[in-house]
Amino acid sequence: MFNLIGKDFLTLSKNRSELIELLLTPFLLIAILGFALGNVTGQTATTPEQTTVGLVDQSTIAKDEATVIKELMDAGHTQVDAEKIVAEFEQMDPVRQMKGLFQEADIEQHFALQTFESKEDAEQALEANDISGVIVVSEIFKSDIIRANVLQNATNAEIEVITQDPNQIKAIILTNIMEGFIQEYNFQATIAPIVGETVIEDQRHYGEVVPLTTQDPINSFEYYTLSMAVFFALGISTIIASRSFKEKESHVLARIMLSKRSPMQYLFSKLVSGILITMIQLGILFTLSTLIFGTFSERPLSFWVGIVLVSCLFSILIGSMGSLLTAISLNTNDVMVVSSFGSSTVVLAFLGGSFVPLEQYANFLKTLGDWTPNGAALTSYLQFLMGFDIVDVLPLLLRMLGLSVIFMIIAVIVFPKWRLD
Amino acid sequence: MLEMSQLSKTFKKHKAVDELSMYIEKGEAVGLLGPNGAGKSTTISMISTLLKPNNGTISYNGKDILKDASVIRPFLGIVPQEIALYSELSAFDNLRFFGKIYGLHGKELDQKIDKVLKLVGLTERKNDPIKDYSGGMKRRINIAVALLHDPEVLIMDEPTVGIDPQSRNYILDMINQLNVEHQMTLLYTSHYMDEVEKLCDRIYIMDMGKIVASGTNEELKSLLSNEETIEITVKSMDPLFENKLIKHPSIKQLTKVENGYKLIASKSDALLVDIFHLASELGVAVTGMQIKKPTLEDVFLHLTGKSLRD
């Protein structure tokens with residue numbers, strides 16, 4: 001079988017037009033699209049637009065002041081100390097700090113704060129989709145801060161965050177920011193009595209809006225290196241199948257079958273050739289893109305592990321597609337299926353997001369695209385690029401593996417069994 | 001050595017081979033003649049174990065090859081009508097690949113490659129890609145590949161189609177040498193009757209999936225021993241003259257040729273007189289007439305009613 005695979009490589013290496021199709025064309029497109037469409041991808045594509053958040057401030061110690069002072073005195077503080085503590089906490093205005101937080105550049109470009117008089121008004125605005133969330137600072141927030149941090153007899157003070165869909169990206173980000181804010185506020189409240197100061201605002205750190213990943217956003221060279229690589233890898237399956245058909249037509253296949261090779265060995269050689277050629281093609285494109293454009297030069301090892309994993313599975317998928325097309329064309333004695341698939345790769349490329357990211361279109365397009373071989377591979381690559389954990393990428397990896405197995409089973413069933421024995 | 005009995009193959013409703021029986025002795029050169037669609041290629045595919053017959057048996061040295069293809073495959077060399085080579089690879093690379101899949105390796109493979117390249121006279125051009133070869137050179141390498149593993153039986157399907165006379169003569173001499181000097185058994189199909197006459201000890205004539213005649217060259221010609229071939233050249237063709245000739249009781253077959261007619265007719269002294277008389281009566285100017293012994297082509301025409309190139 002190694003002879004059959006070696007022959008596939010040898011014939012491919014001598015065929016200039018196929019080498020151009022597999023290597024030069026995608027590389028030129030990476031260069032052109034990378035430079036020309038630099039603004040198609042990038043941070044704006046992966047971070048949400050600015051959204052308005054409602055703020056309802058009900059906090060005051062006034063109503064509860066006498067009770068809190070009494071509780072402090074019961075705990076051993078003198079009346080003077082107790083009044084001083086209450087006054088300090090009164091000055092630690094959470095709403096003022098919160099407003100300051102939302103005026104920070106990183107956060108301001110994503111969230112705008114709108115103050116509401118009552119919780120009901122804010123909830124109405126939320127229902128009307130005028131705002132995407134509501135932050136409610138309760139009446140007893142400040143009293144609870146004192147109880148929690150000075151008397152240590154209550155749970156941490158809480159700020160209520162109301163969103164319509166807690167799973168929405170904006171809601172998740174907002175909740176994270178508020179959790180960070182509350183932790184920091186509690187920390188200040190704890191140390192305030194100790195240091196005798198009101199607030200230490202310049203040391204605060206409530207969180208930040210980052211892209212939906214832990215890594216830098218994807219740039220155009222990264223995107224198009226991956227998208228063109230997966231697109232042009234589809235061509236390998238048609239090359240493999242059309243070569244097989246040519247072998248049959250020229251009776252080379254008959255000669256091979258007359259040797260000690262079985263039809264299944266031949267089919268398996270096509271699978272392995274497809275896998276290896278795809279891996280080499282992807283490897284060359286990624287390496288060239290990195291060496292010349294510095295595309296993936298600063299990516300960590302974990303990214304490369306992910307890239308290798310996706311490349312292996314995608315190569316298996318392309319190999320199995322090549323085998324399936326081979327089996328069908330030899331069974332039907334017609335190369336039409338191969339040429340039809342060759343023509344349809346442009347559609348697959350669009351659906352798979354090889355030309356433009358599909359996030360900007362309807363959701364079903366993206367879902368459909370992720371079921372195409374190239375789309376599944378591209379999304380997997382991008383997820384690793386954005387720092388997703390392997391667990392998050394696993395469904396797509398398994399999908400590629402599953403499709404490969406299905407294609408191979410069909411290929412084995414369909415492949416003609418010439419031999420009599 | 002190789003024997004086929006009652007072999008039949010049907011594709012959907014079309015019966016490509018119909019109860020065909022033939023045999024080839026060791027070291028014998030056998031020709032298989034037939035017009036296009038006669039079933040020659042189907043027969044070759046079945047002998048090559050690439051196609052399973054619907055009925056019948058094929059045995060090689062007494063062993064059933066339909067039950068076990070390995071009985072014949074290692075001993076079989078196939079030269080298909082198509083150039084079954086990788087055109088982008090050199091002759092050497094092609095030979096090395098096919099040699100390897102036939103289980104040849106190392107020095108043995110190198111020696112075999114040298115040997116077949118010498119035999120086909122292409123040692124000097126062995127590193128050139130096949131696509132740069134002339135038609136004749138491609139045919140020679142096509143044959144060389146089939147000879148790499150020293151087959152006992154060589155099946156050649158139209159191996160000289162579309163090549164120049166010089167290459168054709170080279171190939172015919174080479175095949176003759178393989179058969180005579182190396183005792184290689186040969187099954188040969190061709191459109192060129194002279195090739196079959198020159199190379200083959202026996203000939204099978206096939207039409208509509210059946211063997212319609214078989215025997216040596218002379219035995220086949222003797223089928224027309226009571227006939228003769230008359231070629232008439234006329235100044236201008238005349239349908240009425242043609243019609244009258246066909247109706248003549250001695251004339252068995254009439255074929256239009258350039259500027260005249262070719263007749264296969266029973267030997268008869270009166271026939272020539274009748275022809276001249278008929279021509280005179282219809283005003284047809286006969287400019288030439290030749291009486292020949294029937295050729296194999298005539299036998300073929302007589303048996304199938306078709307020219308070999310139809």
# chains A, B, ... in the order shown; residues from 1 in each chain; ligands from 1
>>> select_by_dssp(residues="segment 67-279 of chain B", states="strand (DSSP E)", output="number ranges by chain")
B: 76-79, 153-157, 185-189, 202-207, 210-215, 227-234, 251-257, 260-266
>>> write_last_selection(atoms="N, CA and C atoms", output="short mmCIF file (atom, residue, chain, number, x, y, z; two decimals), in the first residue's frame")
data_model
loop_
_atom_site.label_atom_id
_atom_site.label_comp_id
_atom_site.auth_asym_id
_atom_site.auth_seq_id
_atom_site.Cartn_x
_atom_site.Cartn_y
_atom_site.Cartn_z
N LEU B 76 0.18 -13.45 -15.57
CA LEU B 76 -0.52 -12.74 -16.63
C LEU B 76 0.07 -11.35 -16.84
N GLY B 77 0.35 -11.03 -18.11
CA GLY B 77 0.76 -9.67 -18.46
C GLY B 77 -0.30 -9.07 -19.38
N ILE B 78 -0.78 -7.89 -19.02
CA ILE B 78 -1.86 -7.29 -19.80
C ILE B 78 -1.35 -6.01 -20.47
N VAL B 79 -1.57 -5.92 -21.78
CA VAL B 79 -1.28 -4.68 -22.50
C VAL B 79 -2.61 -4.13 -23.00
N VAL B 153 1.75 -15.64 -19.76
CA VAL B 153 0.74 -15.34 -20.77
C VAL B 153 0.68 -13.82 -20.97
N LEU B 154 0.78 -13.40 -22.21
CA LEU B 154 0.70 -11.97 -22.51
C LEU B 154 -0.58 -11.73 -23.32
N ILE B 155 -1.43 -10.88 -22.76
CA ILE B 155 -2.68 -10.53 -23.47
C ILE B 155 -2.54 -9.11 -24.00
N MET B 156 -2.62 -8.98 -25.31
CA MET B 156 -2.41 -7.66 -25.92
C MET B 156 -3.67 -7.25 -26.67
N ASP B 157 -4.20 -6.09 -26.26
CA ASP B 157 -5.42 -5.59 -26.88
C ASP B 157 -5.06 -4.40 -27.78
N THR B 185 3.31 -17.27 -24.11
CA THR B 185 1.99 -17.51 -24.69
C THR B 185 1.33 -16.15 -24.97
N LEU B 186 0.69 -16.04 -26.13
CA LEU B 186 0.20 -14.73 -26.56
C LEU B 186 -1.27 -14.79 -27.00
N LEU B 187 -2.06 -13.88 -26.46
CA LEU B 187 -3.42 -13.68 -26.97
C LEU B 187 -3.45 -12.26 -27.51
N TYR B 188 -3.71 -12.14 -28.80
CA TYR B 188 -3.49 -10.87 -29.50
C TYR B 188 -4.76 -10.43 -30.22
N THR B 189 -5.21 -9.21 -29.96
CA THR B 189 -6.33 -8.70 -30.74
C THR B 189 -5.83 -7.49 -31.54
N ARG B 202 -2.82 -19.45 -34.47
CA ARG B 202 -4.24 -19.72 -34.68
C ARG B 202 -5.04 -18.45 -34.48
N ILE B 203 -6.23 -18.45 -35.07
CA ILE B 203 -7.05 -17.24 -35.01
C ILE B 203 -8.49 -17.61 -34.65
N TYR B 204 -9.06 -16.81 -33.75
CA TYR B 204 -10.49 -16.94 -33.47
C TYR B 204 -11.18 -15.70 -34.05
N ILE B 205 -12.26 -15.93 -34.76
CA ILE B 205 -13.03 -14.79 -35.27
C ILE B 205 -14.32 -14.70 -34.47
N MET B 206 -14.55 -13.53 -33.94
CA MET B 206 -15.66 -13.32 -33.01
C MET B 206 -16.63 -12.30 -33.58
N ASP B 207 -17.91 -12.56 -33.40
CA ASP B 207 -18.91 -11.57 -33.80
C ASP B 207 -20.14 -11.74 -32.91
N LYS B 210 -19.99 -14.22 -30.10
CA LYS B 210 -19.76 -15.65 -30.36
C LYS B 210 -18.52 -15.86 -31.23
N ILE B 211 -17.93 -17.02 -31.07
CA ILE B 211 -16.85 -17.40 -31.98
C ILE B 211 -17.53 -17.94 -33.26
N VAL B 212 -17.24 -17.27 -34.37
CA VAL B 212 -17.89 -17.71 -35.62
C VAL B 212 -16.97 -18.60 -36.44
N ALA B 213 -15.68 -18.53 -36.18
CA ALA B 213 -14.75 -19.43 -36.86
C ALA B 213 -13.43 -19.45 -36.12
N SER B 214 -12.69 -20.51 -36.27
CA SER B 214 -11.36 -20.56 -35.67
C SER B 214 -10.49 -21.52 -36.45
N GLY B 215 -9.20 -21.34 -36.32
CA GLY B 215 -8.27 -22.21 -36.99
C GLY B 215 -7.00 -21.47 -37.34
N GLU B 227 -14.11 -20.06 -53.40
CA GLU B 227 -14.43 -18.70 -53.81
C GLU B 227 -13.18 -17.98 -54.29
N GLU B 228 -13.42 -16.90 -54.95
CA GLU B 228 -12.32 -16.04 -55.32
C GLU B 228 -12.74 -14.59 -55.11
N THR B 229 -11.73 -13.74 -55.00
CA THR B 229 -12.01 -12.32 -54.81
C THR B 229 -11.75 -11.59 -56.12
N ILE B 230 -12.73 -10.85 -56.55
CA ILE B 230 -12.58 -10.10 -57.80
C ILE B 230 -12.73 -8.62 -57.48
N GLU B 231 -11.73 -7.85 -57.86
CA GLU B 231 -11.81 -6.40 -57.66
C GLU B 231 -12.01 -5.73 -59.02
N ILE B 232 -13.11 -5.01 -59.15
CA ILE B 232 -13.43 -4.35 -60.42
C ILE B 232 -13.26 -2.84 -60.24
N THR B 233 -12.51 -2.21 -61.15
CA THR B 233 -12.37 -0.76 -61.11
C THR B 233 -13.21 -0.19 -62.25
N VAL B 234 -14.04 0.79 -61.93
CA VAL B 234 -14.91 1.38 -62.97
C VAL B 234 -14.66 2.89 -63.06
N ILE B 251 -22.16 -14.55 -57.20
CA ILE B 251 -21.56 -13.52 -56.33
C ILE B 251 -22.17 -13.62 -54.92
N LYS B 252 -21.29 -13.86 -53.91
CA LYS B 252 -21.77 -14.05 -52.54
C LYS B 252 -21.72 -12.77 -51.72
N GLN B 253 -20.81 -11.90 -52.08
CA GLN B 253 -20.67 -10.68 -51.28
C GLN B 253 -20.14 -9.56 -52.17
N LEU B 254 -20.67 -8.38 -51.98
CA LEU B 254 -20.19 -7.22 -52.74
C LEU B 254 -19.90 -6.09 -51.77
N THR B 255 -18.73 -5.53 -51.91
CA THR B 255 -18.36 -4.39 -51.07
C THR B 255 -17.88 -3.27 -51.97
N LYS B 256 -18.36 -2.07 -51.69
CA LYS B 256 -17.88 -0.92 -52.46
C LYS B 256 -16.47 -0.57 -52.00
N VAL B 257 -15.58 -0.38 -52.94
CA VAL B 257 -14.24 0.11 -52.61
C VAL B 257 -14.01 1.38 -53.44
N GLY B 260 -14.70 1.43 -57.37
CA GLY B 260 -15.15 0.14 -57.87
C GLY B 260 -15.77 -0.75 -56.82
N TYR B 261 -15.69 -2.04 -57.09
CA TYR B 261 -16.36 -3.02 -56.23
C TYR B 261 -15.42 -4.19 -55.95
N LYS B 262 -15.61 -4.78 -54.76
CA LYS B 262 -14.87 -5.99 -54.42
C LYS B 262 -15.90 -7.10 -54.26
N LEU B 263 -15.69 -8.17 -55.00
CA LEU B 263 -16.66 -9.26 -54.99
C LEU B 263 -16.03 -10.53 -54.42
N ILE B 264 -16.81 -11.25 -53.63
CA ILE B 264 -16.42 -12.61 -53.27
C ILE B 264 -17.43 -13.52 -53.98
N ALA B 265 -16.88 -14.35 -54.84
CA ALA B 265 -17.79 -15.12 -55.69
C ALA B 265 -17.29 -16.55 -55.87
N SER B 266 -18.21 -17.44 -56.14
CA SER B 266 -17.84 -18.83 -56.42
C SER B 266 -17.00 -18.86 -57.70
#
>>> closest_atom_pairs(of="chain A", to="chain B", cutoff="9 Å", atoms="only C-alpha atoms", output="tab-separated table")
residue	atom	partner	partner_atom	distance
A:Met1	CA	B:Ile101	CA	8.4
A:Asn3	CA	B:Phe97	CA	6.8
A:Leu4	CA	B:Ile101	CA	8.0
A:Gly6	CA	B:Phe97	CA	8.9
A:Lys7	CA	B:Phe97	CA	7.0
A:Leu10	CA	B:Leu89	CA	7.8
A:Thr11	CA	B:Glu88	CA	6.4
A:Leu12	CA	B:Glu88	CA	8.9
A:Lys14	CA	B:Glu88	CA	6.1
A:Asn15	CA	B:Glu88	CA	6.9
A:Glu247	CA	B:Ala84	CA	7.8
A:Glu249	CA	B:Glu82	CA	8.3
A:Ser250	CA	B:Ala84	CA	5.0
A:His251	CA	B:Ala84	CA	5.1
A:Val252	CA	B:Ala84	CA	4.6
A:Leu253	CA	B:Ala84	CA	8.3
A:Ala254	CA	B:Leu50	CA	7.3
A:Arg255	CA	B:Ile78	CA	7.4
A:Ile256	CA	B:Ile101	CA	7.1
A:Met257	CA	B:Leu50	CA	7.8
A:Leu258	CA	B:Arg73	CA	6.0
A:Ser259	CA	B:Tyr102	CA	5.3
A:Lys260	CA	B:Tyr102	CA	6.6
A:Arg261	CA	B:Ile101	CA	7.4
A:Trp418	CA	B:Leu50	CA	5.7
A:Arg419	CA	B:Leu50	CA	6.1
A:Leu420	CA	B:Leu66	CA	6.5
A:Asp421	CA	B:Asp68	CA	5.9
>>> atom_distance(atom1="atom CA of Lys235 of chain B", atom2="atom CA of Ala279 of chain B")
11.1 Å
>>> select_by_dssp(residues="segment 265-369 of chain A", states="helix (DSSP H, G or I)", output="PyMOL selection string")
chain A and resi 265-293+301-332+336-351+358-360+363-369
